[in-house]
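**Q** Got a structure here, written out as structure tokens. Questions coming.
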Amino acid sequence: MNTKEKLKRYHDWLFKCSAYQMALNIIDIDKQTVAPSAGAAYRDERSAYLAGELFSLETDEEIVDLLKNLKDDPEVEADDRRAIELYYKKALDTVCIPKEEFVAFKKLCDESFDAWILAKSKADYSIFEPYLKRVIESQKKLYGYRSSDKSIYNQMLDDFEPGMDEEKYDAFFNALKERLVPLIGKVTNAKQIREDFLHQKFPIEDQKKFMDELLEYLHFDSSWGYQNESEHPFTSWTCENDCRTTTKYIESNVTSAILSTVHEVGHAYYEHNINPKYDGMILSEGVSSGMHESQSRLCENYLGRTLAFWKYNYPKLQSYFPKQLGDISLEDFYKAINISKPSFVRTEADELTYPLHVLIRYEIEKGLFNGTISTEGLDKTWNAKYKEYLGIDVPNDKLGILQDVHWSDGSFGYFPTYALGTAFAAQYVHAMKKELDVDSLLENNKFNEVMGWLKKNIHTHGFRYEAPELMKMVTGEEFNVNYFLDYIEEKYTKLYQL
């Protein structure tokens with residue numbers, strides 16, 4: 001075959017893979033939102049089968065040889081070559097795994113999710129523990145098939161954030177602890193900010209009405225985006241013009257669903273704004289988990305928690321909740337949504353204590369994979385770490401170890417990217433503000449112009465470049481954690497008049 005014929009075969013293969021992936025994504029979205037629980041076993045078995053068929057496509061020996069050949073072909077244009085290199089790397093990581101074990105793992109993950117849902121509803125870790133143990137054992141076995149000299153957990157970290165490992169994350173978290181822990185202490189001893197009015201009864205139907213207006217402000221267009229509800233907010237997609245987000249409404253916490261929505265819309269925009277010529281291929285994905293979280297955390301915190309954002313949106317929120325918020329000033333509302341205090345749930349945490357929630361999970365994951373921590377009694381280990389780092393006593397497993405969905409499907413190594421992405425975002429915002437008057441745009445219902453900058457500088461590239469390369473392209477510098485630390489110190493020093 002000449003290069004043109006090889007590329008034709010490659011693109012035909014891509015189409016088939018994207019079709020299976022689309023089906024699996026839609027099934028998973030359905031599973032986490034509206035699918036009846038009684039049908040879980042039937043769906044899980046067939047989903048695992050479909051995942052196995054996709055696995056066969058992705059690890060076909062002829063395709064792997066084709067990718068190996070094409071990645072070094074000088075006639076292949078740069079975008080295709082980059083995608084082919086990524087597919088080839090992915091194939092080498094998976095072709096060594098027996099298909100039946102891969103399918104069994106996928107089925108286990110679906111069963112594990114079902115067990116997590118049940119365990120969380122009953123606040124009982126013992127229901128989930130046997131599944132978590134099996135997921136970890138299976139992950140160790142699957143990663144063991146790779147011919148890597150890295151530890152299993154370092155391989156996992158690298159899968160979610162290429163180039164990162166325990167040594168680099170340890171240095172990153174040590175830098176955070178050095179400046180955040182003293183600041184948290186000062187904030188704890190400062191005069192506290194009133195926030196009781198955020199925890200009155202806010203009828204969910206009225207929250208949903210406000211959410212419709214917020215989504216309009218965010219320019220989250222129903223022609224390409226759709227929002228639903230789930231136990232744990234998430235974003236998924238099938239292509240650039242089919243992005244699905246979810247949120248979770250809590251009657252006694254009006255800002256929970258709002259900030260979750262802004263966070264997930266950040267994820268959705270990243271996928272929607274990628275160059276459409278990459279649709280259906282690996283380049284249409286985000287660069288890394290940290291880069292993806294940088295976009296969601298940027299929207300949630302650096303935009304969604306600002307005074308400018310709420311100058312436009314707060315009067316609308318007040319109109320839906322006049323009894324609860326009618327007498328609360330914009331300034332007081334802004335302070336309340338930015339208070340810092342130790343809390344149980346990561347997704348509800350403030351910007352200052354949030355990295356400690358991530359650190360706890362990172363330390364537990366390291367222990368689970370180096371043998372120093374066991375799944376048995378892990379709820380007690382979790383509670384002890386929350387006492388150590390945040391000084392609080394976790395009241396039950398629902399607010400403790402069962403709060404996050406990630407471990408149910410074996411996504412170990414993902415959590416650190418939340419903190420890393422938050423720090424990435426600070427550096428991007430610093431660069432953005434050199435070119436845009438962000439506050440003015442947010443105040444004047446021009447969120448789309450802020451998103452336009454992100455699209456032009458970050459989103460459009462998809463997975464064309466690695467995260468460090470993209471960071472330098474956008475900001476002119478390598479990643480520097482001090483942008484985040486300076487931002488957080490300045491914000492909370494001013495907020496608490498330290």
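To be explicit about the labels: the chains of the structure tokens are called A, B, and onward in the order shown, and within each one the residues are counted from 1, while ligands get numbers from 1 in the order they are shown.
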Contacts of A:Lys398 at 9 Å or less, counting only C-alpha atoms, minus same-chain residues fewer than 2 places along, as a VMD selection string?
**A** chain A and resid 119 to 125 395 to 396 400 to 403
**Q** Identify, on the basis of only C-alpha atoms, every residue whose closest approach to A:Val95 does not exceed 10 Å; exclude the query and any residue fewer than 5 positions from it along the same chain; express the result as number ranges by chain.
**A** A: 55-56, 58-61, 64, 90, 145-146
**Q** Step one, run DSSP on the backbone; step two, keep only residues of stretch 148-373 of chain A assigned to helix (DSSP H, G or I); then write them as number ranges by chain.
**A** A: 152-160, 166-189, 196-199, 204-217, 254-272, 276-278, 282-284, 289-303, 307-320, 322-325, 330-336, 346-348, 354-370
**Q** Just the residues within 10 Å of A:Phe210, please, counting only C-alpha atoms, with nothing from its chain fewer than 3 positions along; format it as a PyMOL selection string.
**A** chain A and resi 204-207+213-216+258+313+316-321
**Q** For a quick check of understanding, using only C-alpha atoms, which of A:Leu378, A:Leu157, A:Leu180, A:Val254 has the smallest distance to A:Phe412?
**A**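 Of all the options, A:Leu157 lies closest to A:Phe412.
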**Q** Identify which of the residues A:Arg179, A:Gly225, A:Asn241, A:Glu231 lies closest to A:Leu485, counting only C-alpha atoms when measuring atom-to-atom distances.
**A**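 With only C-alpha atoms as the atom set, the closest residue is A:Arg179.
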**Q** Kindly indicate which residue among A:Ser18, A:Asn154, A:Asn383, A:Asn2 lies nearest to A:Met281, using only C-alpha atoms for the distances.
**A**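 Among the listed residues, the smallest separation from A:Met281 belongs to A:Ser18.
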**Q** List as a ChimeraX atom specification the protein and nucleic acid residues near stretch 443-459 of chain A, meaning an atom at most 7 Å away when only C-alpha atoms are counted, but skip any in the same chain fewer than 6 places from it.
**A** /A:217-219,270,273-274,308-309,311-312,474
**Q** Which is closer to A:Glu53 than all the others in A:Tyr20, A:Glu85, A:Leu420, A:Asn69, using only C-alpha atoms?
**A**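 Comparing A:Tyr20, A:Glu85, A:Leu420, A:Asn69 against A:Glu53, the winner is A:Tyr20.
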**Q** Report as a VMD selection string all protein, DNA and RNA residues lying within 9 Å of A:Leu307, evaluated on only C-alpha atoms, omitting residues in the same chain fewer than 4 positions from it.
**A** chain A and resid 303 311 330 to 331 334 to 335 439 443
